[in-house]
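K.L.:
Okay, so here is model17.cif, and as you'll see once you scroll down, it has mmCIF, C-alpha atoms.
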```
data_data
#
loop_
_atom_site.group_PDB
_atom_site.id
_atom_site.type_symbol
_atom_site.label_atom_id
_atom_site.label_comp_id
_atom_site.auth_asym_id
_atom_site.auth_seq_id
_atom_site.Cartn_x
_atom_site.Cartn_y
_atom_site.Cartn_z
ATOM 1 C CA MET P 77 44.832 27.573 -16.671
ATOM 2 C CA GLU P 78 41.108 28.257 -16.485
ATOM 3 C CA VAL P 79 40.444 25.411 -18.897
ATOM 4 C CA ASN P 80 42.358 22.984 -16.705
ATOM 5 C CA SER P 81 40.499 24.048 -13.559
ATOM 6 C CA THR P 82 37.169 23.625 -15.349
ATOM 7 C CA SER P 83 38.251 20.209 -16.562
ATOM 8 C CA ASP P 84 39.328 19.190 -13.042
ATOM 9 C CA ALA P 85 36.010 20.365 -11.625
ATOM 10 C CA ALA P 86 34.117 18.399 -14.271
ATOM 11 C CA ASN P 87 36.185 15.282 -13.571
ATOM 12 C CA SER P 88 35.616 15.718 -9.851
ATOM 13 C CA LYS P 89 31.872 15.984 -10.420
ATOM 14 C CA VAL P 90 31.906 12.823 -12.542
ATOM 15 C CA ASP P 91 33.900 10.972 -9.865
ATOM 16 C CA LEU P 92 31.385 12.162 -7.263
ATOM 17 C CA GLN P 93 28.496 10.865 -9.331
ATOM 18 C CA ASP P 94 30.252 7.517 -9.854
ATOM 19 C CA PHE P 95 30.862 7.298 -6.095
ATOM 20 C CA TYR P 96 27.204 8.045 -5.392
ATOM 21 C CA ILE P 97 25.884 5.548 -7.949
ATOM 22 C CA SER P 98 28.105 2.678 -6.772
ATOM 23 C CA SER P 99 27.518 3.392 -3.080
ATOM 24 C CA ASN P 100 23.782 3.818 -3.525
ATOM 25 C CA ARG P 101 23.584 0.545 -5.450
ATOM 26 C CA SER P 102 25.420 -1.272 -2.652
ATOM 27 C CA VAL P 103 23.230 0.233 0.093
ATOM 28 C CA ASN P 104 19.992 -0.484 -1.760
ATOM 29 C CA LEU P 105 21.002 -4.084 -2.451
ATOM 30 C CA SER P 106 21.970 -4.659 1.186
ATOM 31 C CA CYS P 107 18.693 -3.133 2.397
ATOM 32 C CA ALA P 108 16.719 -5.318 -0.022
ATOM 33 C CA TRP P 109 18.313 -8.500 1.322
ATOM 34 C CA ILE P 110 17.962 -7.397 4.951
ATOM 35 C CA ALA P 111 14.329 -6.399 4.422
ATOM 36 C CA GLY P 112 13.530 -9.756 2.841
ATOM 37 C CA GLY P 113 15.198 -11.638 5.706
ATOM 38 C CA LEU P 114 13.565 -9.558 8.440
ATOM 39 C CA GLY P 115 10.196 -9.891 6.726
ATOM 40 C CA LEU P 116 10.410 -13.686 6.677
ATOM 41 C CA ILE P 117 11.466 -13.812 10.336
ATOM 42 C CA GLN P 118 8.689 -11.463 11.443
ATOM 43 C CA LEU P 119 6.052 -13.341 9.433
ATOM 44 C CA TYR P 120 7.173 -16.576 11.087
ATOM 45 C CA VAL P 121 6.987 -14.989 14.566
ATOM 46 C CA LEU P 122 3.564 -13.515 13.789
ATOM 47 C CA VAL P 123 2.146 -16.878 12.687
ATOM 48 C CA ARG P 124 3.561 -18.621 15.771
ATOM 49 C CA LEU P 125 2.108 -15.995 18.112
ATOM 50 C CA ALA P 126 -1.252 -16.037 16.312
ATOM 51 C CA LEU P 127 -1.500 -19.833 16.536
ATOM 52 C CA LYS P 128 -0.501 -19.688 20.203
ATOM 53 C CA GLU P 129 -3.288 -17.252 21.083
ATOM 54 C CA GLY P 130 -5.961 -19.134 19.148
ATOM 55 C CA ASP P 131 -8.370 -21.756 20.456
ATOM 56 C CA PRO P 132 -6.886 -25.273 20.593
ATOM 57 C CA GLY P 133 -9.781 -26.567 18.476
ATOM 58 C CA SER P 134 -9.361 -24.028 15.664
ATOM 59 C CA PRO P 135 -5.995 -22.232 16.023
ATOM 60 C CA TRP P 136 -5.921 -20.929 12.441
ATOM 61 C CA LYS P 137 -8.973 -18.717 13.006
ATOM 62 C CA SER P 138 -6.847 -16.332 15.095
ATOM 63 C CA LEU P 139 -4.875 -15.423 11.974
ATOM 64 C CA HIS P 140 -7.957 -13.584 10.664
ATOM 65 C CA SER P 141 -8.193 -11.146 13.573
ATOM 66 C CA PRO P 142 -7.929 -7.424 12.607
ATOM 67 C CA PHE P 143 -4.661 -6.986 14.519
ATOM 68 C CA ASN P 144 -3.004 -10.000 12.913
ATOM 69 C CA LEU P 145 -4.193 -9.011 9.442
ATOM 70 C CA CYS P 146 -2.821 -5.482 9.889
ATOM 71 C CA LEU P 147 0.549 -6.812 11.060
ATOM 72 C CA PHE P 148 0.637 -9.315 8.204
ATOM 73 C CA ILE P 149 -0.084 -6.607 5.622
ATOM 74 C CA MET P 150 2.497 -4.204 7.103
ATOM 75 C CA ILE P 151 5.246 -6.839 7.203
ATOM 76 C CA LEU P 152 4.458 -8.052 3.689
ATOM 77 C CA SER P 153 4.253 -4.558 2.179
ATOM 78 C CA MET P 154 7.592 -3.469 3.675
ATOM 79 C CA SER P 155 9.243 -6.752 2.684
ATOM 80 C CA PHE P 156 8.307 -6.063 -0.949
ATOM 81 C CA ASN P 157 8.713 -2.280 -0.855
ATOM 82 C CA ILE P 158 12.489 -2.244 -0.342
ATOM 83 C CA PRO P 159 13.309 -4.835 -3.061
ATOM 84 C CA PHE P 160 10.940 -3.023 -5.454
ATOM 85 C CA TYR P 161 12.843 0.209 -4.800
ATOM 86 C CA TYR P 162 16.159 -1.531 -5.520
ATOM 87 C CA LEU P 163 14.792 -2.975 -8.775
ATOM 88 C CA TYR P 164 13.497 0.494 -9.663
ATOM 89 C CA THR P 165 16.974 2.013 -9.290
ATOM 90 C CA GLU P 166 18.528 -0.810 -11.315
ATOM 91 C CA ALA P 167 15.911 -0.965 -14.096
ATOM 92 C CA PRO P 168 17.453 -1.267 -17.585
ATOM 93 C CA ASP P 169 14.859 0.929 -19.337
ATOM 94 C CA SER P 170 12.275 3.588 -18.539
ATOM 95 C CA MET P 171 9.268 1.265 -18.875
ATOM 96 C CA THR P 172 10.668 -1.269 -16.389
ATOM 97 C CA SER P 173 11.681 1.582 -14.106
ATOM 98 C CA SER P 174 8.127 2.958 -14.166
ATOM 99 C CA ILE P 175 6.646 -0.432 -13.317
ATOM 100 C CA TYR P 176 8.913 -0.950 -10.293
ATOM 101 C CA ASN P 177 8.444 2.662 -9.217
ATOM 102 C CA SER P 178 4.662 2.171 -9.280
ATOM 103 C CA ALA P 179 5.023 -1.016 -7.232
ATOM 104 C CA THR P 180 7.170 0.882 -4.715
ATOM 105 C CA LEU P 181 4.603 3.673 -4.405
ATOM 106 C CA ILE P 182 1.687 1.255 -4.005
ATOM 107 C CA THR P 183 3.347 -0.905 -1.333
ATOM 108 C CA ASN P 184 4.428 2.221 0.547
ATOM 109 C CA ALA P 185 0.855 3.578 0.501
ATOM 110 C CA ILE P 186 -0.489 0.229 1.738
ATOM 111 C CA PHE P 187 1.989 0.306 4.621
ATOM 112 C CA VAL P 188 1.110 3.898 5.578
ATOM 113 C CA VAL P 189 -2.660 3.306 5.466
ATOM 114 C CA THR P 190 -2.348 0.091 7.494
ATOM 115 C CA ILE P 191 -0.226 1.866 10.120
ATOM 116 C CA PHE P 192 -3.013 4.399 10.636
ATOM 117 C CA LEU P 193 -5.678 1.679 10.852
ATOM 118 C CA TYR P 194 -3.581 -0.445 13.223
ATOM 119 C CA ALA P 195 -2.828 2.534 15.482
ATOM 120 C CA CYS P 196 -6.562 3.312 15.734
ATOM 121 C CA LEU P 197 -7.523 -0.285 16.478
ATOM 122 C CA ARG P 198 -4.758 -0.896 18.986
ATOM 123 C CA GLY P 199 -5.276 2.359 20.857
ATOM 124 C CA TRP P 200 -9.088 2.265 20.739
ATOM 125 C CA GLY P 201 -9.529 1.216 24.370
ATOM 126 C CA VAL P 202 -7.194 3.913 25.681
ATOM 127 C CA ILE P 203 -8.715 6.636 23.466
ATOM 128 C CA GLU P 204 -12.190 5.661 24.727
ATOM 129 C CA ILE P 205 -11.065 6.381 28.283
ATOM 130 C CA VAL P 206 -8.972 9.511 27.653
ATOM 131 C CA ASN P 207 -11.080 11.206 24.940
ATOM 132 C CA PRO P 208 -14.281 9.272 24.094
ATOM 133 C CA ARG P 209 -15.566 12.089 21.856
ATOM 134 C CA LEU P 210 -12.812 11.357 19.333
ATOM 135 C CA ILE P 211 -14.007 7.796 18.727
ATOM 136 C CA SER P 212 -16.922 8.777 16.490
ATOM 137 C CA SER P 213 -14.686 10.815 14.144
ATOM 138 C CA ILE P 214 -12.005 8.136 13.622
ATOM 139 C CA PRO P 215 -13.869 6.217 10.839
ATOM 140 C CA TYR P 216 -14.329 9.444 8.857
ATOM 141 C CA ALA P 217 -10.689 10.403 9.347
ATOM 142 C CA PHE P 218 -9.618 6.956 8.142
ATOM 143 C CA ALA P 219 -11.797 7.172 5.015
ATOM 144 C CA LEU P 220 -10.365 10.602 4.180
ATOM 145 C CA PHE P 221 -6.828 9.346 4.835
ATOM 146 C CA VAL P 222 -7.329 6.452 2.396
ATOM 147 C CA LEU P 223 -8.632 8.802 -0.300
ATOM 148 C CA VAL P 224 -5.654 11.162 0.101
ATOM 149 C CA ASN P 225 -3.217 8.234 -0.154
ATOM 150 C CA VAL P 226 -4.927 6.920 -3.292
ATOM 151 C CA ALA P 227 -4.775 10.403 -4.832
ATOM 152 C CA ASN P 228 -1.101 10.670 -3.919
ATOM 153 C CA VAL P 229 -0.231 7.363 -5.577
ATOM 154 C CA VAL P 230 -2.247 8.193 -8.709
ATOM 155 C CA LEU P 231 -0.583 11.621 -9.045
ATOM 156 C CA LEU P 232 2.930 10.197 -8.715
ATOM 157 C CA ILE P 233 2.309 7.244 -11.048
ATOM 158 C CA LEU P 234 0.834 9.551 -13.693
ATOM 159 C CA GLY P 235 3.627 12.065 -13.095
ATOM 160 C CA TYR P 236 6.431 9.587 -13.625
ATOM 161 C CA GLY P 237 4.459 7.864 -16.377
ATOM 162 C CA PHE P 238 5.161 4.570 -18.099
ATOM 163 C CA GLY P 239 8.099 5.039 -20.373
ATOM 164 C CA GLU P 240 9.180 8.606 -21.072
ATOM 165 C CA PRO P 241 6.852 11.077 -19.260
ATOM 166 C CA THR P 242 5.540 14.105 -21.093
ATOM 167 C CA PRO P 243 6.093 17.669 -19.757
ATOM 168 C CA LEU P 244 2.449 17.765 -18.698
ATOM 169 C CA GLN P 245 2.906 14.592 -16.679
ATOM 170 C CA THR P 246 6.023 15.864 -14.904
ATOM 171 C CA GLU P 247 4.026 18.848 -13.674
ATOM 172 C CA LEU P 248 2.006 16.431 -11.526
ATOM 173 C CA ILE P 249 5.073 15.271 -9.567
ATOM 174 C CA PRO P 250 5.327 18.366 -7.285
ATOM 175 C CA TYR P 251 1.652 17.943 -6.369
ATOM 176 C CA GLY P 252 2.273 14.277 -5.596
ATOM 177 C CA ASN P 253 5.300 15.145 -3.446
ATOM 178 C CA ALA P 254 3.308 17.836 -1.632
ATOM 179 C CA SER P 255 0.473 15.417 -0.889
ATOM 180 C CA PHE P 256 3.003 12.883 0.414
ATOM 181 C CA LEU P 257 4.455 15.488 2.783
ATOM 182 C CA ALA P 258 0.896 16.305 3.910
ATOM 183 C CA ILE P 259 0.318 12.607 4.634
ATOM 184 C CA LEU P 260 3.512 12.431 6.703
ATOM 185 C CA ALA P 261 2.540 15.604 8.582
ATOM 186 C CA PHE P 262 -0.933 14.229 9.380
ATOM 187 C CA LEU P 263 0.485 10.896 10.533
ATOM 188 C CA SER P 264 3.051 12.672 12.681
ATOM 189 C CA VAL P 265 0.410 14.848 14.381
ATOM 190 C CA PHE P 266 -1.902 11.862 14.903
ATOM 191 C CA ASP P 267 1.021 9.844 16.256
ATOM 192 C CA VAL P 268 1.849 12.601 18.761
ATOM 193 C CA TYR P 269 -1.804 12.775 19.833
ATOM 194 C CA ILE P 270 -2.030 9.008 20.392
ATOM 195 C CA THR P 271 1.222 9.142 22.364
ATOM 196 C CA CYS P 272 -0.266 11.861 24.564
ATOM 197 C CA CYS P 273 -3.332 9.660 25.141
ATOM 198 C CA TYR P 274 -1.083 6.787 26.228
ATOM 199 C CA VAL P 275 0.918 9.021 28.575
ATOM 200 C CA ILE P 276 -2.273 10.504 30.093
ATOM 201 C CA TYR P 277 -3.696 7.019 30.626
ATOM 202 C CA LEU P 278 -0.494 5.803 32.304
ATOM 203 C CA SER P 279 -0.456 8.820 34.629
ATOM 204 C CA ARG P 280 -4.142 8.294 35.504
ATOM 205 C CA ALA P 281 -3.603 4.569 36.080
ATOM 206 C CA LYS P 282 -0.996 5.358 38.738
ATOM 207 C CA LYS P 283 -3.522 7.468 40.661
ATOM 208 C CA ASN P 284 -6.631 5.370 40.001
ATOM 209 C CA THR P 285 -6.156 1.616 40.456
ATOM 210 C CA GLN P 286 -9.512 0.918 38.778
ATOM 211 C CA LEU P 287 -7.926 1.912 35.447
ATOM 212 C CA GLU P 288 -5.057 -0.543 35.909
ATOM 213 C CA THR P 289 -6.139 -3.291 33.571
ATOM 214 C CA GLY P 290 -3.092 -5.260 32.526
ATOM 215 C CA ARG P 291 -3.976 -5.294 28.843
ATOM 216 C CA LEU P 292 -4.412 -1.524 28.481
ATOM 217 C CA LEU P 293 -1.290 -0.821 30.532
ATOM 218 C CA ILE P 294 0.773 -3.025 28.215
ATOM 219 C CA ILE P 295 -0.749 -1.369 25.125
ATOM 220 C CA ALA P 296 -0.037 2.109 26.512
ATOM 221 C CA GLN P 297 3.548 1.293 27.506
ATOM 222 C CA PHE P 298 4.444 -0.319 24.203
ATOM 223 C CA GLY P 299 2.423 2.319 22.352
ATOM 224 C CA VAL P 300 4.649 5.108 23.637
ATOM 225 C CA GLY P 301 7.783 3.293 22.441
ATOM 226 C CA SER P 302 6.203 2.401 19.088
ATOM 227 C CA ASN P 303 5.109 5.958 18.399
ATOM 228 C CA LEU P 304 8.533 7.362 19.242
ATOM 229 C CA VAL P 305 10.011 5.014 16.636
ATOM 230 C CA LEU P 306 7.391 6.179 14.131
ATOM 231 C CA GLU P 307 8.307 9.817 14.795
ATOM 232 C CA LEU P 308 11.921 8.887 14.099
ATOM 233 C CA VAL P 309 10.838 7.219 10.832
ATOM 234 C CA PHE P 310 9.017 10.398 9.768
ATOM 235 C CA ALA P 311 12.003 12.593 10.667
ATOM 236 C CA VAL P 312 14.425 10.331 8.786
ATOM 237 C CA THR P 313 12.118 10.272 5.747
ATOM 238 C CA LEU P 314 12.034 14.067 5.656
ATOM 239 C CA GLY P 315 15.813 14.170 6.081
ATOM 240 C CA ASP P 316 16.189 11.656 3.258
ATOM 241 C CA THR P 317 14.017 13.842 1.002
ATOM 242 C CA TYR P 318 16.054 16.944 1.872
ATOM 243 C CA ALA P 319 19.372 15.152 1.320
ATOM 244 C CA THR P 320 18.212 13.958 -2.104
ATOM 245 C CA VAL P 321 17.789 17.563 -3.234
ATOM 246 C CA HIS P 322 21.029 18.826 -1.672
ATOM 247 C CA LEU P 323 23.640 16.345 -2.866
ATOM 248 C CA ASP P 324 26.667 18.598 -3.207
ATOM 249 C CA GLY P 325 29.584 16.609 -1.853
ATOM 250 C CA PRO P 326 30.824 13.306 -0.338
ATOM 251 C CA ALA P 327 29.643 14.301 3.150
ATOM 252 C CA SER P 328 26.082 15.013 2.065
ATOM 253 C CA MET P 329 26.056 11.853 -0.061
ATOM 254 C CA ASN P 330 27.200 9.745 2.885
ATOM 255 C CA GLY P 331 24.450 11.333 4.946
ATOM 256 C CA PHE P 332 21.932 10.572 2.206
ATOM 257 C CA LEU P 333 23.018 6.925 2.035
ATOM 258 C CA ALA P 334 22.727 6.584 5.812
ATOM 259 C CA LEU P 335 19.283 8.182 5.818
ATOM 260 C CA ASN P 336 18.230 5.976 2.920
ATOM 261 C CA ALA P 337 19.202 2.854 4.865
ATOM 262 C CA LEU P 338 17.432 4.066 8.014
ATOM 263 C CA THR P 339 14.289 4.921 6.040
ATOM 264 C CA SER P 340 14.248 1.385 4.661
ATOM 265 C CA LEU P 341 14.932 -0.525 7.888
ATOM 266 C CA LEU P 342 13.450 1.522 10.763
ATOM 267 C CA PRO P 343 9.877 0.377 9.957
ATOM 268 C CA PHE P 344 10.989 -3.163 10.821
ATOM 269 C CA VAL P 345 11.973 -1.896 14.286
ATOM 270 C CA TYR P 346 8.414 -0.595 14.675
ATOM 271 C CA LEU P 347 7.022 -3.954 13.554
ATOM 272 C CA ALA P 348 9.325 -5.808 15.962
ATOM 273 C CA ILE P 349 7.912 -3.737 18.844
ATOM 274 C CA GLN P 350 4.366 -4.689 17.766
ATOM 275 C CA LEU P 351 5.291 -8.378 17.833
ATOM 276 C CA TRP P 352 6.913 -7.926 21.239
ATOM 277 C CA MET P 353 3.732 -6.250 22.499
ATOM 278 C CA LYS P 354 1.677 -9.115 21.070
ATOM 279 C CA TYR P 355 3.823 -11.588 23.011
ATOM 280 C CA ALA P 356 3.463 -9.505 26.203
ATOM 281 C CA LEU P 357 -0.335 -9.386 25.779
ATOM 282 C CA GLU P 358 -0.476 -13.150 25.287
ATOM 283 C CA GLU P 359 1.639 -13.719 28.419
ATOM 284 C CA ASP P 360 -0.625 -11.371 30.392
ATOM 285 C CA LYS P 361 -3.677 -13.269 29.129
ATOM 286 C CA LYS P 362 -2.097 -16.555 30.210
ATOM 287 C CA ASN P 363 -1.193 -15.188 33.651
ATOM 288 C CA GLU P 364 -4.694 -13.741 34.059
ATOM 289 C CA LYS P 365 -6.171 -17.163 33.264
ATOM 290 C CA LEU P 366 -3.900 -18.798 35.847
ATOM 291 C CA ARG P 367 -4.885 -16.179 38.439
ATOM 292 C CA LYS P 368 -8.593 -16.814 37.825
ATOM 293 C CA GLU P 369 -8.096 -20.577 38.053
ATOM 294 C CA SER P 370 -6.185 -20.117 41.309
ATOM 295 C CA GLN P 371 -8.919 -17.882 42.735
ATOM 296 C CA LEU P 372 -11.591 -20.377 41.674
ATOM 297 C CA GLU P 373 -9.690 -23.223 43.308
ATOM 298 C CA LYS P 374 -9.362 -21.230 46.537
ATOM 299 C CA ALA P 375 -13.096 -20.453 46.436
ATOM 300 C CA ARG P 376 -13.885 -24.153 46.009
ATOM 301 C CA MET P 377 -11.643 -25.086 48.929
ATOM 302 C CA LEU P 378 -13.238 -22.452 51.159
ATOM 303 C CA SER P 379 -16.701 -23.575 50.074
ATOM 304 C CA GLY P 380 -15.829 -27.189 50.871
ATOM 305 C CA LEU P 381 -14.590 -26.242 54.321
ATOM 306 C CA SER P 382 -17.717 -24.241 55.105
ATOM 307 C CA VAL P 383 -19.961 -27.174 54.100
ATOM 308 C CA SER P 384 -18.003 -29.913 55.849
ATOM 309 C CA GLN P 385 -17.533 -28.051 59.133
ATOM 310 C CA PRO P 386 -21.238 -28.054 60.303
ATOM 311 C CA THR P 387 -21.582 -31.724 59.363
ATOM 312 C CA GLN P 388 -18.607 -32.547 61.517
ATOM 313 C CA ASP P 389 -20.111 -30.574 64.435
ATOM 314 C CA ARG P 390 -23.442 -32.476 64.215
ATOM 315 C CA SER P 391 -21.737 -35.864 64.218
ATOM 316 C CA ASP P 392 -19.698 -34.860 67.263
ATOM 317 C CA TYR P 393 -22.898 -33.839 69.070
ATOM 318 C CA ARG P 394 -24.577 -37.161 68.305
ATOM 319 C CA SER P 395 -21.601 -39.142 69.562
ATOM 320 C CA GLN P 396 -21.608 -37.142 72.769
ATOM 321 C CA ALA P 397 -25.358 -37.759 73.196
#
```
Output the structure of this file as C-alpha cells.
P.N.:
Amino acid sequence: MEVNSTSDAANSKVDLQDFYISSNRSVNLSCAWIAGGLGLIQLYVLVRLALKEGDPGSPWKSLHSPFNLCLFIMILSMSFNIPFYYLYTEAPDSMTSSIYNSATLITNAIFVVTIFLYACLRGWGVIEIVNPRLISSIPYAFALFVLVNVANVVLLILGYGFGEPTPLQTELIPYGNASFLAILAFLSVFDVYITCCYVIYLSRAKKNTQLETGRLLIIAQFGVGSNLVLELVFAVTLGDTYATVHLDGPASMNGFLALNALTSLLPFVYLAIQLWMKYALEEDKKNEKLRKESQLEKARMLSGLSVSQPTQDRSDYRSQA
C-alpha cells in the first residue's frame, strides 16, 4: 500500500514537471514572437517620429539625439532579450545554453542601464526645478550603476559557466542574484523619487503659472504613468523570482507562467508610453510654433495699422486745406 502511494506521488510529480515544461515552452515561444513583433512596430514608430521632428533639410540627424538613441537601444535590447531567453530554455546542450543565457543577461543589463540613463535625461528639467542639488550627483550615480550592472553580468556568466560549471563557479550565482536584486531595489527607489519630483512639479505648476511650460507638463504627466508601469515591472520580476523557487503545484506553476509572460511583455508597455509622450511633445512643439506665428502675424498687422493711420490723417488734413 505504501509502495503504491509512493509510486503515485512520483508519477504525479513527473506529470507536474511535464505540464510545467510543455506550458513554459509554449509561453516562452509566444512571448518571443510577440516581443519580436512589438519591437519591429515600435522601431518603425520611433523612426517615423524622429524623422518628423527633424529639420526638413536633414531629417536623419534627429535619429542621433540622446532620447532617440536611448529608445532605440531599449527597444532593440528587449526585442532580442525575450527570444534569447526562449533559445536558452530550448538549447540542446550546456554550451549552447550558456551562450544564450549570456546573451540574455547582457541584453537585460543593457536595457536596465539605458532605462536609468533615459529617466535621468528625460526628467532632467523637472529635477532641476524641484531639487537642483541632485543634478550634480546624477553622473556619479550613473557611473556606479553601470559598474554594478557589469559586475552582476560577469558574476552570473562566470557562475553559470560555458558548458558544465564547476562547484566553485556555482558559488558565484547567489552573489550575482543578490546584486541583481540590489539593482532592482535601487531602480525602484530612484523611480519612486523621480515620480515624486513629477508630482511635486505638477502640484506647483497648478499654483504658479510661470512653471506651466507645455513641454515639462507633458513630461511630468507621462513620467508619472511611465514610472508606475516600471514599478509594476519590478514587482512582477520579484514575483517571478519567488515563484521560480516555490513551484509546488499546478496553481503556483500557472502563476509562474503568468508572471513570466508579464515580465517579458510589460517593458513594451513602458516603451509604448515613451513613444506616446514623444508624439505628444512633437504635437506641442508644432502647436507652439503655430501660436508664435499667429502672434507674429497679429503684431505685424497691428504695426501696419499704427504706421498707416498717421499717414491717412495727414493726407486728410492736406485735402481739407
K.L.:
At a cut-off of 12 Å from (-0.5, 4.7, 22.8) in the coordinates of the file, what residues are picked up using only C-alpha atoms, written as an mmCIF file with C-alpha atoms, keeping the file's coordinate frame?
P.N.:
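Now in point_9.cif:
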```cif
data_model
loop_
_atom_site.group_PDB
_atom_site.id
_atom_site.type_symbol
_atom_site.label_atom_id
_atom_site.label_comp_id
_atom_site.auth_asym_id
_atom_site.auth_seq_id
_atom_site.Cartn_x
_atom_site.Cartn_y
_atom_site.Cartn_z
ATOM 1 C CA TYR P 194 -3.581 -0.445 13.223
ATOM 2 C CA ALA P 195 -2.828 2.534 15.482
ATOM 3 C CA CYS P 196 -6.562 3.312 15.734
ATOM 4 C CA LEU P 197 -7.523 -0.285 16.478
ATOM 5 C CA ARG P 198 -4.758 -0.896 18.986
ATOM 6 C CA GLY P 199 -5.276 2.359 20.857
ATOM 7 C CA TRP P 200 -9.088 2.265 20.739
ATOM 8 C CA GLY P 201 -9.529 1.216 24.370
ATOM 9 C CA VAL P 202 -7.194 3.913 25.681
ATOM 10 C CA ILE P 203 -8.715 6.636 23.466
ATOM 11 C CA GLU P 204 -12.190 5.661 24.727
ATOM 12 C CA VAL P 206 -8.972 9.511 27.653
ATOM 13 C CA PHE P 266 -1.902 11.862 14.903
ATOM 14 C CA ASP P 267 1.021 9.844 16.256
ATOM 15 C CA VAL P 268 1.849 12.601 18.761
ATOM 16 C CA TYR P 269 -1.804 12.775 19.833
ATOM 17 C CA ILE P 270 -2.030 9.008 20.392
ATOM 18 C CA THR P 271 1.222 9.142 22.364
ATOM 19 C CA CYS P 272 -0.266 11.861 24.564
ATOM 20 C CA CYS P 273 -3.332 9.660 25.141
ATOM 21 C CA TYR P 274 -1.083 6.787 26.228
ATOM 22 C CA VAL P 275 0.918 9.021 28.575
ATOM 23 C CA ILE P 276 -2.273 10.504 30.093
ATOM 24 C CA TYR P 277 -3.696 7.019 30.626
ATOM 25 C CA LEU P 278 -0.494 5.803 32.304
ATOM 26 C CA LEU P 292 -4.412 -1.524 28.481
ATOM 27 C CA LEU P 293 -1.290 -0.821 30.532
ATOM 28 C CA ILE P 294 0.773 -3.025 28.215
ATOM 29 C CA ILE P 295 -0.749 -1.369 25.125
ATOM 30 C CA ALA P 296 -0.037 2.109 26.512
ATOM 31 C CA GLN P 297 3.548 1.293 27.506
ATOM 32 C CA PHE P 298 4.444 -0.319 24.203
ATOM 33 C CA GLY P 299 2.423 2.319 22.352
ATOM 34 C CA VAL P 300 4.649 5.108 23.637
ATOM 35 C CA GLY P 301 7.783 3.293 22.441
ATOM 36 C CA SER P 302 6.203 2.401 19.088
ATOM 37 C CA ASN P 303 5.109 5.958 18.399
ATOM 38 C CA LEU P 304 8.533 7.362 19.242
ATOM 39 C CA LEU P 306 7.391 6.179 14.131
ATOM 40 C CA GLN P 350 4.366 -4.689 17.766
ATOM 41 C CA MET P 353 3.732 -6.250 22.499
#
```
K.L.:
Using only C-alpha atoms, determine which residues lie at most 7 Å from Ala111 of chain P, disregarding the query and same-chain residues fewer than 4 positions distant; provide the list as a ChimeraX atom specification.
P.N.:
/P:107,115,155,158,341
K.L.:
Using atom CA of Leu351 of chain P and atom CA of Gln118 of chain P as the two end points, give the distance in Å to one decimal.
P.N.:
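Computed distance, atom CA of Leu351 of chain P to atom CA of Gln118 of chain P, equals 7.9 Å.
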K.L.:
Any chance you could work out the residue set of the PyMOL selection byres ((chain P and resi 186-190) around 10) here, as a PyMOL selection string?
P.N.:
chain P and resi 145-154+157+181-185+191-196+218-219+221-226+259-260+263+343
K.L.:
Just how far from atom CA of Gly252 of chain P is atom CA of Trp109 of chain P, in Å to one decimal?
P.N.:
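Calculated distance between atom CA of Trp109 of chain P and atom CA of Gly252 of chain P is 28.7 Å.
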K.L.:
Grab the atom CA of Pro168 of chain P to atom CA of Phe156 of chain P distance for me, in Å with one decimal place.
P.N.:
19.6 Å
K.L.:
Rank nothing, just name the residue among P:Val345, P:Val230, P:Val305, P:Leu257 nearest to Ser178 of chain P, using only C-alpha atoms.
P.N.:
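Counting only C-alpha atoms, the residue closest to Ser178 of chain P is P:Val230.
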K.L.:
Step by step, work through what the PyMOL selection byres ((chain P and resi 162-166) around 7) selects in the shown file, and finish by giving those residues as a list in words.
P.N.:
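For this structure, the PyMOL selection byres ((chain P and resi 162-166) around 7) captures Asn104, Leu105, Ala108, Ile158, Pro159, Phe160, Tyr161, Ala167, Pro168, Ser173, Tyr176 and Asn177 of chain P.
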K.L.:
Please write the residues picked by the PyMOL selection byres ((chain P and resi 358) around 12) on this file as a PyMOL selection string.
P.N.:
chain P and resi 124-130+290-291+294-295+351-357+359-365
K.L.:
Pick the closest to Val309 of chain P from P:Pro243, P:Thr339, P:Asn207, P:Ser106: which is it, counting only C-alpha atoms?
P.N.:
P:Thr339
K.L.:
Could you put an axis-aligned box around every listed atom of segment 214-229 of chain P, padded by 5 Å on each side, and send me its centre and edge lengths in Å to one decimal, as AutoDock Vina command-line options?
P.N.:
```
--center_x -7.3 --center_y 8.7 --center_z 4.0 --size_x 24.1 --size_y 14.9 --size_z 29.2
```
